[in-house]
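Asks: One structure follows; several queries about it will come next.
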Amino acid sequence: MKIALAGNPNSGKTTLYNALTGKQEYVGNWAGVTVSKKEAKLKESLGNNIDIVDLPGAYSIRPYTSEESITTDFIKTENPDVIINVVDSTNLNRSLFFTTQLLELNIPVVVALNKVDISKNVTDIDINKLEKELNCKVVEISAAKNEGLKNLIKVASESSKLKEQKNLFKELSNIHNEEKQDKKRYSIVNNIISKVENRIIRHNEETLEDKIDRFVTNPIIGTGLFILIMAFIFNLSINTLGPLVADTLVGYIENFQDAVSGLLASIGTSDFLNSLLTDGIIGGVGAVVGFVPLVMVLMFMLSLVEDSGFMARIALIFDPLFRKVGLSGKSIIPMIVGYGCSIPGIMATRTIKDEKQRRLTAMLTPFVPCGAKLPIIALFTAAFFPEQGYMFPLTYLVAFTVIICVGLILKKVTGADNIKNYFIIELPQYRIPSIKRAFFKMLETGKDFITRAGTIIIVCNTVVFIMSSFNFKLQLVEDAVNTSILANIATPFAFLLIPVGIGVWQLAAAAITGFIAKEEVVGTLAVVYSMGAAINSDFELVNAMAVQETMAITAVSALSFMFFNLFTPPCFAAIGAMKSEMKSNKWLLKSILLQLSVGYIVAMITYQVGTILVYKELGQGFIPAVIILALAAIYIVYKIKSNKVSESEKKVSKVQVQ
Ligand SMILES: Nc1nc2c(ncn2[C@@H]2O[C@H](COP(=O)(O)OP(=O)(O)OP(=O)(O)O)[C@@H](O)[C@H]2O)c(=O)[nH]1
Ligand SMILES: [Mg+2]
């Protein structure tokens with residue numbers, strides 16, 4: 001038997017799905033979290049041979065956004081045996097519109113009145129009357145508290161056997177004008193509500209929550225609060241709790257490295273094999289894994305903030321700003337999700353209706369520093385700016401500025417400013433965040449990171465180590481690494497990076513491997529500079545002096561290298577996600593070119609301007625840098641001009657048609 005979970009966004013379908021199947025799918029306290037359907041078996045303790053399908057939230061059977069159409073398509077084509085319509089009981093009024101539509105599909109429907117744990121003190125719903133009005137079973141549950149689930153499954157199984165569920169709303173489908181039909185439907189819903197619901201707190205009464213919201217959604221207070229919370233979170237994960245855990249872990253890794261090295265020496269393996277294993281693999285992977293605790297602490301904290309309902313308010317505050325750059329407030333949700341990993345972030349763009357805005361958001365989302373970029377930021381800020389604790393959060397602020405500036409340029413270049421859109425985000429209820437959920441999310445992030453370290457990073461590091469140990473004649477190059485295969489391949493790229501201030505083959509090699517996986521930037525640096533012990537165990541993140549000495553670049557170059565890695569195209573996997581979401585090779589190519597140029601130019605400006613300001617001299621490749629910048633400026637101006645011309649041509653041709 002197949003049960004589909006359908007309902008409005010944020011009604012708790014995924015929470016129910018997780019409770020029924022034992023899965024840990026992403027639950028967020030805002031609308032539009034689930035963007036593709038998920039399917040799994042019901043837990044044995046609740047029943048046998050039942051498949052549960054979780055669907056993206058929808059307000060209507062007639063789809064308005066691409067993830068809503070997944071829901072409609074699924075229900076129409078896959079014929080589930082029964083639909084559980086998950087309804088947020090604190091918001092019955094809005095939910096029933098969709099319920100009445102589901103009831104017209106000739107598939108048995110059971111209404112699961114969810115969140116009864118919190119709705120009892122705002123509203124009183126007469127279940128029996130509601131069942132009569134809708135002519136379907138209504139079951140009270142709390143997905144979050146695991147209440148009423150057994151009964152729900154029992155009722156759903158019984159209902160699935162119903163051959164015919166008499167539909168009380170047939171007359172509606174006879175109204176062919178959509179607008180009229182919707183109006184009629186609203187009036188029917190309102191009529192039902194007036195009979196079954198007795199709200200203790202009326203919709204138009206100001207609750208405590210409303211009062212808090214008036215305060216929090218004030219742009220200045222909200223932004224200030226956001227910055228404070230973020231600063232606290234960053235501080236905790238980068239300066240205190242994170243390093244404390246990282247320290248212990250790095251201690252273990254170092255002991256392991258020594259043990260393996262001792263063991264190999266006692267067996268008498270060759271020097272090369274010994275150093276491949278200890279420096280190349282354990283050292284390189286260890287350099288990456290050492291940062292996992294930071295990422296985990298960060299994810300834990302962000303998940304708590306998300307769950308409290310605060311992030312949805314932030315989206316609302318930033319809406320006007322995002323709108324100015326041709327995006328919508330909805331664009332901020334992919335970007336918040338993108339903190340963890342760009343891939344789900346890019347997928348979350350599906351909730352954006354307008355195709356162009358959707359693609360633009362997918363283009364910009366990878367500029368948000370994802371979890372895999374965190375080791376790069378942590379390493380470089382800690383090694384080159386050990387006294388300037390603000391450098392870490394500042395990096396995120398730079399990323400935000402880059403997004404806004406690039407968005408603005410894109411808007412001018414593509415003419416996306418002509419799009420009118422309305423931002424509807426439901427403000428979810430505030431609540432005490434779930435430690436358990438945050439904990440699971442943290443574990444999952446850690447697991448992902450370690451899995452990647454154990455697969456792709458090991459492979460990359462082995463290849464990098466071998467390539468940096470041999471020359472093209474396959475001779476070991478021991479002391480003259482500058483003649484290694486890796487050095488030979490990376491040198492031409494390093495040449496291109498001279499105006500960026502990072503024209504050394506080691507850095508070029510690290511940046512190239514970063515396209516495979518961003519963690520590998522740190523992994524490669526650990527190999528090419530043999531600095532497995534970059535993260536030391538003396539209660540500070542990295543051994544700043546040691547790193548500065550081995551890398552021998554200026555602080556300004558280090559910053560430029562960091563920006564280059566943050567803003568050039570993301571890893572292969574994220575590029576794949578961009579490809580599948582944009583559904584156009586032309587757009588994909590444009591995005592990659594855009595990201596390459598943005599990364600290059602931001603890093604170049606940082607280096608050239610920084611060198612003049614800090615060291616009072618001209619940076620390397622100053623002249624080429626000026627030329628590149630001038631060309632870029634000319635190109636942008638040209639594009640904007642030609643866009644304006646084509647806009648006015650369009651207007652002219654419209655007039656002619658009329
Ligand atoms: N108090 C309470 N909160 C709940 C309950 N069920 C779900 N929630 C919360 O409601 C919010 C939305 O839950 P989700 O399961 O992500 O909602 P969804 O319907 O899958 O949302 P979309 O995927 O956006 O369509 C989360 O913050 C949940 O923790 C419940 O029974 N009680
Ligand atoms: Mg969901």
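In the structure tokens, chains take letters A, B, ... by order of appearance, with residues numbered from 1 within each chain and ligands from 1 in the order shown.
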Just the residues within 6 Å of segment 159-174 of chain A, please, counting only C-alpha atoms, with nothing from its chain fewer than 6 positions along; format it as a PyMOL selection string.

Replies: chain A and resi 81-82+108

Asks: How would the residues just picked look written out with N, CA and C atoms as a compact mmCIF listing (two decimals), in the first residue's frame?

Replies:
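Result written to again.txt:
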# COMPACT_ATOMS: atom_id res chain seq x y z
N ASP A 81 -2.66 4.87 -2.72
CA ASP A 81 -3.90 4.23 -2.24
C ASP A 81 -4.68 5.15 -1.33
N VAL A 82 -3.93 5.99 -0.62
CA VAL A 82 -4.60 6.94 0.25
C VAL A 82 -3.69 8.16 0.43
N PRO A 108 -8.96 8.18 -1.69
CA PRO A 108 -9.35 8.39 -0.30
C PRO A 108 -8.40 9.36 0.41

Asks: Enumerate residues in contact with ligand 2: an atom-to-atom distance of at most 9 Å, counting only C-alpha atoms and all ligand atoms. Format the result as a VMD selection string.

Replies: chain A and resid 9 to 15 17 25 to 28 31 to 37 54 to 57

Asks: Here is a test: counting only C-alpha atoms, which residue of A:Ile592, A:Ile200, A:Ala372, A:Ala552 is nearest to Val288 of chain A?

Replies: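 Looking only at the distances to Val288 of chain A, the closest residue turns out to be A:Ala372.
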
Asks: Please, what distance in Å, to one decimal, runs between atom 22 (P, counted along the ligand's line) of ligand 1 and atom CA of Ala348 of chain A?

Replies: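 Atom-to-atom, atom 22 (P, counted along the ligand's line) of ligand 1 and atom CA of Ala348 of chain A are spaced 11.1 Å apart.
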
Asks: Given only C-alpha atoms as the basis, pick out the residue of A:Thr451, A:Thr278, A:Thr550, A:Thr606 nearest to Pro499 of chain A.

Replies: A:Thr606

Asks: Residues at most 9 Å from Gln595 of chain A, counting only C-alpha atoms, excluding those fewer than 2 positions away in the same chain, as a ChimeraX atom specification?

Replies: /A:363-364,366-367,567-570,590-593,597-600

Asks: Skip Thr445 of chain A itself and residues of its chain fewer than 4 positions away, then list as a list of chain:residue names all residues within 9 Å of it, counting only C-alpha atoms.

Replies: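 The contact residues come out as A:Val292, A:Val295, A:Met296, A:Met299, A:Gly340, A:Gly371, A:Phe440, A:Lys441, A:Phe449, A:Ile450.
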
Asks: I need the residues in segment 313-401 of chain A that are alpha helix (DSSP H) according to DSSP; give them as a ChimeraX atom specification.

Replies: /A:313-324,332-338,342-347,355-364,374-384,391-401

Asks: Which residues are close to Val614 of chain A, i.e. within 12 Å by only C-alpha atoms, leaving aside same-chain residues fewer than 6 positions away? Reply as a PyMOL selection string.

Replies: chain A and resi 554-557+606-608

Asks: Out of A:Leu427, A:Leu42, A:Ile220, A:Leu264, which residue has the shortest atom-to-atom distance to ligand 1 when counting only C-alpha atoms and all ligand atoms?

Replies: A:Leu427

Asks: Can you work out which one of A:Ala544, A:Ile75, A:Leu360, A:Leu397 has the shortest atom-to-atom distance to Thr414 of chain A, counting only C-alpha atoms?

Replies: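 Looking only at the distances to Thr414 of chain A, the closest residue turns out to be A:Leu360.
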
Asks: Determine, counting only C-alpha atoms, which protein, DNA and RNA residues have an atom within 9 Å of an atom of Arg431 of chain A; residues of the same chain fewer than 5 positions away are not included. Present the result as an MDAnalysis selection string.

Replies: chainID A and resid 307:309

Asks: Output C-alpha atoms for every residue in the selection just made, as a PDB file, in the first residue's frame.

Replies:
ATOM      1  CA  ASP A 307      14.599  25.840  14.062  1.00  0.00           C
ATOM      2  CA  SER A 308      13.651  28.742  16.309  1.00  0.00           C
ATOM      3  CA  GLY A 309      11.909  30.459  13.398  1.00  0.00           C
TER       4      GLY A 309
END

Asks: For Ala4 of chain A, find every residue with an atom within 7 Å (counting only C-alpha atoms), except residues of its own chain fewer than 5 positions away, and show them as a ChimeraX atom specification.

Replies: /A:52-54,80,82-84
